[in-house]
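entry.cif (mmCIF, C-alpha atoms and all ligand atoms)
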```cif
data_input
loop_
_atom_site.label_atom_id
_atom_site.label_comp_id
_atom_site.auth_asym_id
_atom_site.auth_seq_id
_atom_site.Cartn_x
_atom_site.Cartn_y
_atom_site.Cartn_z
CA MET A 1 -158.02 -84.14 31.31
CA ASN A 2 -158.49 -87.62 32.80
CA ILE A 3 -160.61 -87.55 35.90
CA ASP A 4 -159.07 -89.46 38.81
CA GLU A 5 -162.11 -91.14 40.41
CA LYS A 6 -160.33 -91.34 43.79
CA ILE A 7 -159.96 -87.56 43.85
CA LYS A 8 -163.48 -87.00 42.50
CA GLU A 9 -164.98 -89.06 45.33
CA LYS A 10 -163.30 -86.73 47.83
CA ILE A 11 -164.44 -83.46 46.24
CA VAL A 12 -167.46 -81.85 47.86
CA LEU A 13 -168.39 -78.62 46.09
CA ALA A 14 -170.00 -75.98 48.32
CA LEU A 15 -172.74 -74.28 46.29
CA ASP A 16 -172.69 -71.10 48.38
CA VAL A 17 -174.11 -68.72 45.77
CA GLU A 18 -176.92 -66.18 45.74
CA GLU A 19 -178.99 -67.32 42.79
CA LEU A 20 -180.38 -70.62 41.52
CA ASP A 21 -179.08 -69.97 38.01
CA GLU A 22 -175.53 -69.53 39.32
CA ALA A 23 -175.81 -72.82 41.18
CA LYS A 24 -177.17 -74.59 38.10
CA ILE A 25 -174.26 -73.34 35.96
CA LEU A 26 -171.76 -74.59 38.55
CA VAL A 27 -173.48 -77.99 38.68
CA ASP A 28 -173.61 -78.26 34.88
CA THR A 29 -169.98 -77.31 34.33
CA LEU A 30 -168.34 -79.00 37.29
CA TYR A 31 -170.23 -82.26 37.78
CA PRO A 32 -167.60 -84.39 36.00
CA TYR A 33 -165.10 -83.31 38.71
CA VAL A 34 -167.37 -83.37 41.76
CA GLY A 35 -168.34 -86.37 43.89
CA THR A 36 -170.87 -84.52 46.02
CA PHE A 37 -172.67 -81.19 45.74
CA LYS A 38 -173.22 -79.46 49.04
CA VAL A 39 -176.25 -77.21 49.44
CA GLY A 40 -175.94 -74.96 52.45
CA LEU A 41 -178.32 -72.71 54.30
CA GLN A 42 -177.79 -69.75 51.94
CA LEU A 43 -179.20 -71.54 48.90
CA TYR A 44 -181.54 -73.90 50.71
CA THR A 45 -183.46 -71.18 52.51
CA LYS A 46 -184.03 -69.40 49.20
CA TYR A 47 -184.58 -72.18 46.66
CA GLY A 48 -185.28 -75.38 48.70
CA ASN A 49 -186.85 -77.96 46.41
CA ASP A 50 -185.66 -76.39 43.15
CA ILE A 51 -181.99 -76.89 43.85
CA ILE A 52 -182.55 -80.29 45.48
CA ASN A 53 -184.41 -81.56 42.42
CA TYR A 54 -181.79 -80.13 40.07
CA ILE A 55 -178.96 -81.99 41.77
CA SER A 56 -180.99 -85.19 42.15
CA ASN A 57 -181.62 -85.21 38.39
CA LYS A 58 -177.87 -85.09 37.79
CA ASN A 59 -177.32 -88.33 39.67
CA SER A 60 -174.72 -86.72 41.95
CA ASN A 61 -174.39 -87.18 45.67
CA PHE A 62 -176.36 -84.55 47.52
CA PHE A 63 -175.16 -83.13 50.83
CA LEU A 64 -177.73 -81.04 52.68
CA ASP A 65 -175.59 -78.90 54.96
CA VAL A 66 -178.26 -78.09 57.52
CA LYS A 67 -176.04 -78.33 60.62
CA LEU A 68 -178.96 -79.38 62.85
CA HIS A 69 -178.77 -78.32 66.50
CA ASP A 70 -181.93 -78.69 68.57
CA ILE A 71 -183.52 -80.99 71.16
CA PRO A 72 -183.20 -84.71 70.31
CA ASN A 73 -186.87 -85.20 69.36
CA THR A 74 -186.80 -82.33 66.85
CA VAL A 75 -183.47 -83.43 65.39
CA GLU A 76 -184.71 -87.02 65.00
CA LYS A 77 -187.75 -85.92 62.98
CA ALA A 78 -185.76 -83.37 60.96
CA SER A 79 -183.07 -85.96 60.16
CA GLU A 80 -185.73 -88.34 58.92
CA ASN A 81 -187.12 -85.61 56.65
CA VAL A 82 -183.68 -84.62 55.35
CA VAL A 83 -183.09 -88.20 54.18
CA LEU A 84 -186.62 -88.54 52.79
CA ARG A 85 -185.85 -85.40 50.75
CA GLY A 86 -183.03 -87.29 49.03
CA ALA A 87 -179.91 -86.22 50.92
CA ASN A 88 -177.28 -88.92 51.19
CA PHE A 89 -175.02 -86.65 53.27
CA PHE A 90 -176.11 -84.32 56.07
CA ASN A 91 -174.76 -82.95 59.33
CA VAL A 92 -175.52 -81.89 62.89
CA HIS A 93 -173.52 -79.88 65.45
CA ALA A 94 -171.63 -82.13 67.87
CA THR A 95 -172.17 -79.49 70.56
CA GLY A 96 -175.83 -80.58 70.55
CA GLY A 97 -174.60 -83.51 72.68
CA LEU A 98 -174.68 -87.30 72.62
CA ALA A 99 -178.46 -87.79 72.88
CA MET A 100 -179.06 -85.34 70.04
CA MET A 101 -176.56 -87.07 67.76
CA GLU A 102 -178.03 -90.50 68.58
CA ALA A 103 -181.45 -89.12 67.67
CA ALA A 104 -180.09 -87.93 64.29
CA VAL A 105 -178.73 -91.42 63.56
CA ARG A 106 -182.10 -92.98 64.50
CA GLY A 107 -184.09 -90.59 62.33
CA ALA A 108 -181.81 -91.06 59.32
CA LYS A 109 -181.87 -94.84 59.65
CA LYS A 110 -185.64 -94.88 59.79
CA ALA A 111 -185.89 -92.83 56.59
CA ALA A 112 -183.31 -94.97 54.77
CA GLU A 113 -185.30 -98.09 55.69
CA LYS A 114 -188.49 -96.51 54.37
CA LEU A 115 -186.73 -95.68 51.10
CA ASN A 116 -184.93 -99.03 50.99
CA LYS A 117 -181.64 -97.15 50.62
CA LYS A 118 -178.35 -97.50 52.47
CA PRO A 119 -178.04 -95.16 55.47
CA PRO A 120 -176.65 -91.70 54.62
CA VAL A 121 -173.31 -90.26 55.65
CA ILE A 122 -174.06 -88.31 58.83
CA LEU A 123 -171.36 -85.93 59.94
CA ALA A 124 -170.96 -84.00 63.16
CA VAL A 125 -169.58 -80.48 62.99
CA THR A 126 -166.93 -80.23 65.71
CA MET A 127 -165.74 -76.62 65.48
CA LEU A 128 -166.53 -74.18 62.69
CA THR A 129 -163.27 -73.35 60.92
CA SER A 130 -164.06 -69.67 61.41
CA ILE A 131 -163.74 -70.18 65.18
CA SER A 132 -160.20 -69.46 66.30
CA GLN A 133 -158.54 -70.11 69.66
CA GLU A 134 -159.17 -66.43 70.54
CA VAL A 135 -162.90 -66.71 69.77
CA LEU A 136 -163.15 -69.88 71.87
CA GLU A 137 -161.44 -68.22 74.84
CA ASP A 138 -162.62 -64.61 74.60
CA GLU A 139 -166.19 -65.04 73.37
CA PHE A 140 -167.18 -68.43 74.82
CA GLU A 141 -164.83 -68.48 77.83
CA ILE A 142 -163.84 -72.05 76.99
CA LYS A 143 -160.25 -72.33 78.17
CA THR A 144 -159.40 -75.46 76.18
CA ASP A 145 -157.11 -75.85 73.24
CA VAL A 146 -159.23 -75.63 70.08
CA SER A 147 -157.75 -78.88 68.65
CA ASN A 148 -158.34 -80.87 71.84
CA PHE A 149 -161.89 -79.61 71.98
CA ALA A 150 -162.54 -80.77 68.41
CA ILE A 151 -161.15 -84.23 69.22
CA ARG A 152 -163.26 -84.53 72.32
CA LEU A 153 -166.34 -83.76 70.19
CA ALA A 154 -165.25 -86.25 67.51
CA LYS A 155 -165.06 -89.05 70.09
CA LEU A 156 -168.55 -88.17 71.25
CA ALA A 157 -169.79 -88.29 67.64
CA LYS A 158 -168.29 -91.72 67.15
CA LYS A 159 -169.97 -92.96 70.33
CA ALA A 160 -173.31 -91.70 68.97
CA GLY A 161 -172.89 -93.75 65.79
CA MET A 162 -172.15 -90.89 63.39
CA THR A 163 -170.25 -91.67 60.17
CA GLY A 164 -167.63 -89.05 60.88
CA VAL A 165 -166.99 -85.40 61.53
CA VAL A 166 -166.53 -82.08 59.83
CA ALA A 167 -163.22 -80.73 61.06
CA SER A 168 -160.24 -78.65 60.07
CA SER A 169 -157.54 -80.60 58.27
CA LEU A 170 -155.24 -79.42 61.05
CA GLU A 171 -157.11 -81.89 63.31
CA ALA A 172 -157.72 -84.70 60.77
CA ARG A 173 -154.71 -86.81 61.70
CA LYS A 174 -155.40 -86.63 65.43
CA ILE A 175 -159.08 -87.47 64.85
CA LYS A 176 -158.16 -90.58 62.86
CA GLU A 177 -155.76 -91.58 65.64
CA ALA A 178 -158.43 -91.05 68.30
CA CYS A 179 -161.45 -92.50 66.44
CA GLY A 180 -159.99 -94.98 63.94
CA VAL A 181 -159.27 -94.85 60.21
CA ASP A 182 -162.83 -95.77 59.21
CA PHE A 183 -164.27 -92.75 60.99
CA LYS A 184 -164.66 -90.24 58.15
CA VAL A 185 -163.25 -86.73 58.25
CA LEU A 186 -164.63 -84.03 55.95
CA CYS A 187 -162.48 -80.92 55.84
CA PRO A 188 -163.62 -77.39 54.99
CA GLY A 189 -161.26 -74.39 55.08
CA ILE A 190 -159.47 -75.69 51.98
CA ARG A 191 -157.38 -73.09 50.19
CA PRO A 192 -154.84 -73.77 47.46
CA GLU A 193 -151.78 -71.45 47.76
CA TRP A 194 -153.07 -69.27 44.91
CA SER A 195 -156.55 -68.58 46.33
CA THR A 196 -157.76 -65.94 48.80
CA LYS A 197 -158.26 -66.81 52.47
CA ASP A 198 -161.65 -65.01 52.85
CA ASP A 199 -163.12 -65.39 56.38
CA GLN A 200 -161.54 -68.81 57.06
CA LYS A 201 -158.98 -68.86 59.88
CA ARG A 202 -157.56 -72.39 60.03
CA ILE A 203 -156.91 -73.27 56.40
CA ALA A 204 -154.91 -75.88 54.50
CA THR A 205 -154.13 -76.76 50.90
CA PRO A 206 -155.97 -79.72 49.29
CA LYS A 207 -152.78 -81.79 49.17
CA PHE A 208 -151.99 -81.14 52.83
CA ALA A 209 -155.54 -82.09 53.88
CA ILE A 210 -155.37 -85.40 51.99
CA ASN A 211 -151.96 -86.18 53.47
CA GLU A 212 -153.44 -85.56 56.91
CA GLY A 213 -156.15 -88.17 56.24
CA ALA A 214 -159.11 -86.11 54.98
CA ASP A 215 -161.74 -88.37 53.37
CA TYR A 216 -163.62 -85.45 51.83
CA LEU A 217 -162.55 -81.90 50.93
CA VAL A 218 -165.12 -79.12 50.95
CA ILE A 219 -164.17 -76.81 48.12
CA GLY A 220 -166.07 -73.54 47.98
CA ARG A 221 -164.90 -70.10 46.98
CA ALA A 222 -161.50 -71.34 45.74
CA VAL A 223 -163.51 -72.72 42.79
CA THR A 224 -166.85 -70.91 42.80
CA LYS A 225 -165.25 -67.44 43.13
CA PRO A 226 -161.80 -68.21 41.76
CA ALA A 227 -158.69 -66.02 41.76
CA GLU A 228 -158.47 -63.40 39.00
CA GLY A 229 -157.93 -64.80 35.53
CA LEU A 230 -159.31 -68.26 36.39
CA THR A 231 -162.70 -69.79 35.59
CA PRO A 232 -164.23 -72.28 38.06
CA ILE A 233 -163.26 -75.12 35.76
CA ASP A 234 -159.63 -73.85 35.53
CA ALA A 235 -159.50 -73.64 39.32
CA MET A 236 -160.88 -77.16 39.68
CA LYS A 237 -158.37 -78.55 37.19
CA LYS A 238 -155.53 -76.82 39.04
CA ILE A 239 -156.69 -78.47 42.27
CA TYR A 240 -156.70 -81.92 40.62
CA GLU A 241 -153.19 -81.28 39.27
CA GLU A 242 -151.95 -80.10 42.65
CA ILE A 243 -153.33 -83.16 44.41
CA GLY A 244 -151.71 -85.42 41.82
CA GLU A 245 -151.62 -89.16 42.54
CA ILE A 246 -153.33 -90.43 45.68
O1 LIG B 1 -165.82 -70.98 50.41
P1 LIG B 1 -165.27 -71.89 51.45
O2 LIG B 1 -164.30 -72.91 50.88
O3 LIG B 1 -164.69 -71.14 52.62
O4 LIG B 1 -166.54 -72.70 51.97
C1 LIG B 1 -166.48 -73.53 53.09
C2 LIG B 1 -167.77 -74.28 53.23
O5 LIG B 1 -167.63 -75.18 54.32
C3 LIG B 1 -168.97 -73.41 53.55
O6 LIG B 1 -170.08 -73.99 52.87
C4 LIG B 1 -169.12 -73.49 55.05
O7 LIG B 1 -170.47 -73.41 55.45
C5 LIG B 1 -168.61 -74.92 55.32
N1 LIG B 1 -168.04 -75.16 56.65
C6 LIG B 1 -166.96 -74.46 57.18
N2 LIG B 1 -166.45 -74.78 58.40
C7 LIG B 1 -166.98 -75.78 59.10
C8 LIG B 1 -168.07 -76.48 58.62
C9 LIG B 1 -168.57 -76.14 57.37
O8 LIG B 1 -166.44 -73.57 56.51
N3 LIG B 1 -166.40 -76.16 60.25
#
```
When written as structure tokens, how does the structure in this file appear?
Ligand code: C5P
Amino acid sequence: MNIDEKIKEKIVLALDVEELDEAKILVDTLYPYVGTFKVGLQLYTKYGNDIINYISNKNSNFFLDVKLHDIPNTVEKASENVVLRGANFFNVHATGGLAMMEAAVRGAKKAAEKLNKKPPVILAVTMLTSISQEVLEDEFEIKTDVSNFAIRLAKLAKKAGMTGVVASSLEARKIKEACGVDFKVLCPGIRPEWSTKDDQKRIATPKFAINEGADYLVIGRAVTKPAEGLTPIDAMKKIYEEIGEI
């Protein structure tokens, strides 16, 4: 199969697995199809440096999905350390506010200068895709439409100098309209028709997300725990075929 580099650049594989060996197998088999490997809290809190070094040796982009959310001073220092560790993508929660996001940008820039590297992609998480309208209203008592709330947070992220946001593909188009085409949108909650929904509430197919303007697609269980009868590599190939020409 010919790898379409434009699709590859958009694919962010979520390495949400229990064991280091499982992650290594996924990296080894899927790296030709993956632009960026995302290490989340599940793997990072267990294997920290081991998984970071493994990905770095493969010459792939490395996204440390730490979703920082703390006071600005702490986030600034942590952001600096995340970049010094070798991450060229990382994220913070937009609900940490403007000053916290500005601090993340400052910390990351400082580290990139020290390393003589270009600044990383820093993304703000607007709303977790597992948060539905009901959760927003019933649990948080926020009586705003979930989409409008995400857009409000995206504008704040842009003001802080972030590269873009993590958001549902259902909001991608509106975010581009509100923040401009150069403001990046990374979309989780991606589910091809043939895969299970799991705990995600606001989902979309890869093709739909790209049509809505997604710059990056986070692909997790659809590939790492694929539907019966498929291997991860089969699932990945099916996704490439489904996306087709872009
Ligand atoms: O397996 P699945 O495709 O559902 O994985 C989604 C990935 O995207 C997970 O790593 C999850 O932490 C992340 N994510 C999300 N929703 C957000 C932000 C990140 O699901 N809003």
Residues within 8 Å of stretch 93-107 of chain A, please, as a PyMOL selection string. Count all atoms listed in the file; anything in the same chain fewer than 5 positions from it doesn't count. chain A and resi 67-73+75-80+122+124-126+153-154+156-157+159-162
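Taking all atoms listed in the file into account, ligand LIG 1 (chain B) has within 6 Å the residues Ala14, Asp16, Gly40, Met127, Leu128, Thr129, Val166, Ala167, Pro188, Gly189, Ile190, Gln200, Val218, Ile219, Gly220 and Arg221 of chain A.
The closest residue to A:Asn148, picked from A:Ile210, A:Ala178, A:Val66, A:Val92 and counting only C-alpha atoms, is A:Ala178.
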Who sits within 12 Å of A:Glu5, all atoms listed in the file, same chain under 3 positions skipped, as an NGL selection string: :A and (2 or 8-11 or 32-35 or 240 or 244-246)
Pick from A:Arg191, A:Lys6, A:Lys58, A:Arg85: nearest to A:Ile203, with only C-alpha atoms counted? A:Arg191
Give the centre and edge lengths of an axis-aligned box, in Å to one decimal, that holds all listed atoms of stretch 157-162 of chain A with 3 Å on each side, as AutoDock Vina command-line options.
```
--center_x -170.8 --center_y -91.0 --center_z 66.9 --size_x 11.0 --size_y 11.5 --size_z 12.9
```
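Proximity of A:Val17, A:Met236, A:Ile175, A:Ser169 to A:Lys46, computed with all atoms listed in the file, is greatest for A:Val17.
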Atom CA of A:Lys174 to atom CA of A:Ile243, straight-line distance in Å: 21.4 Å
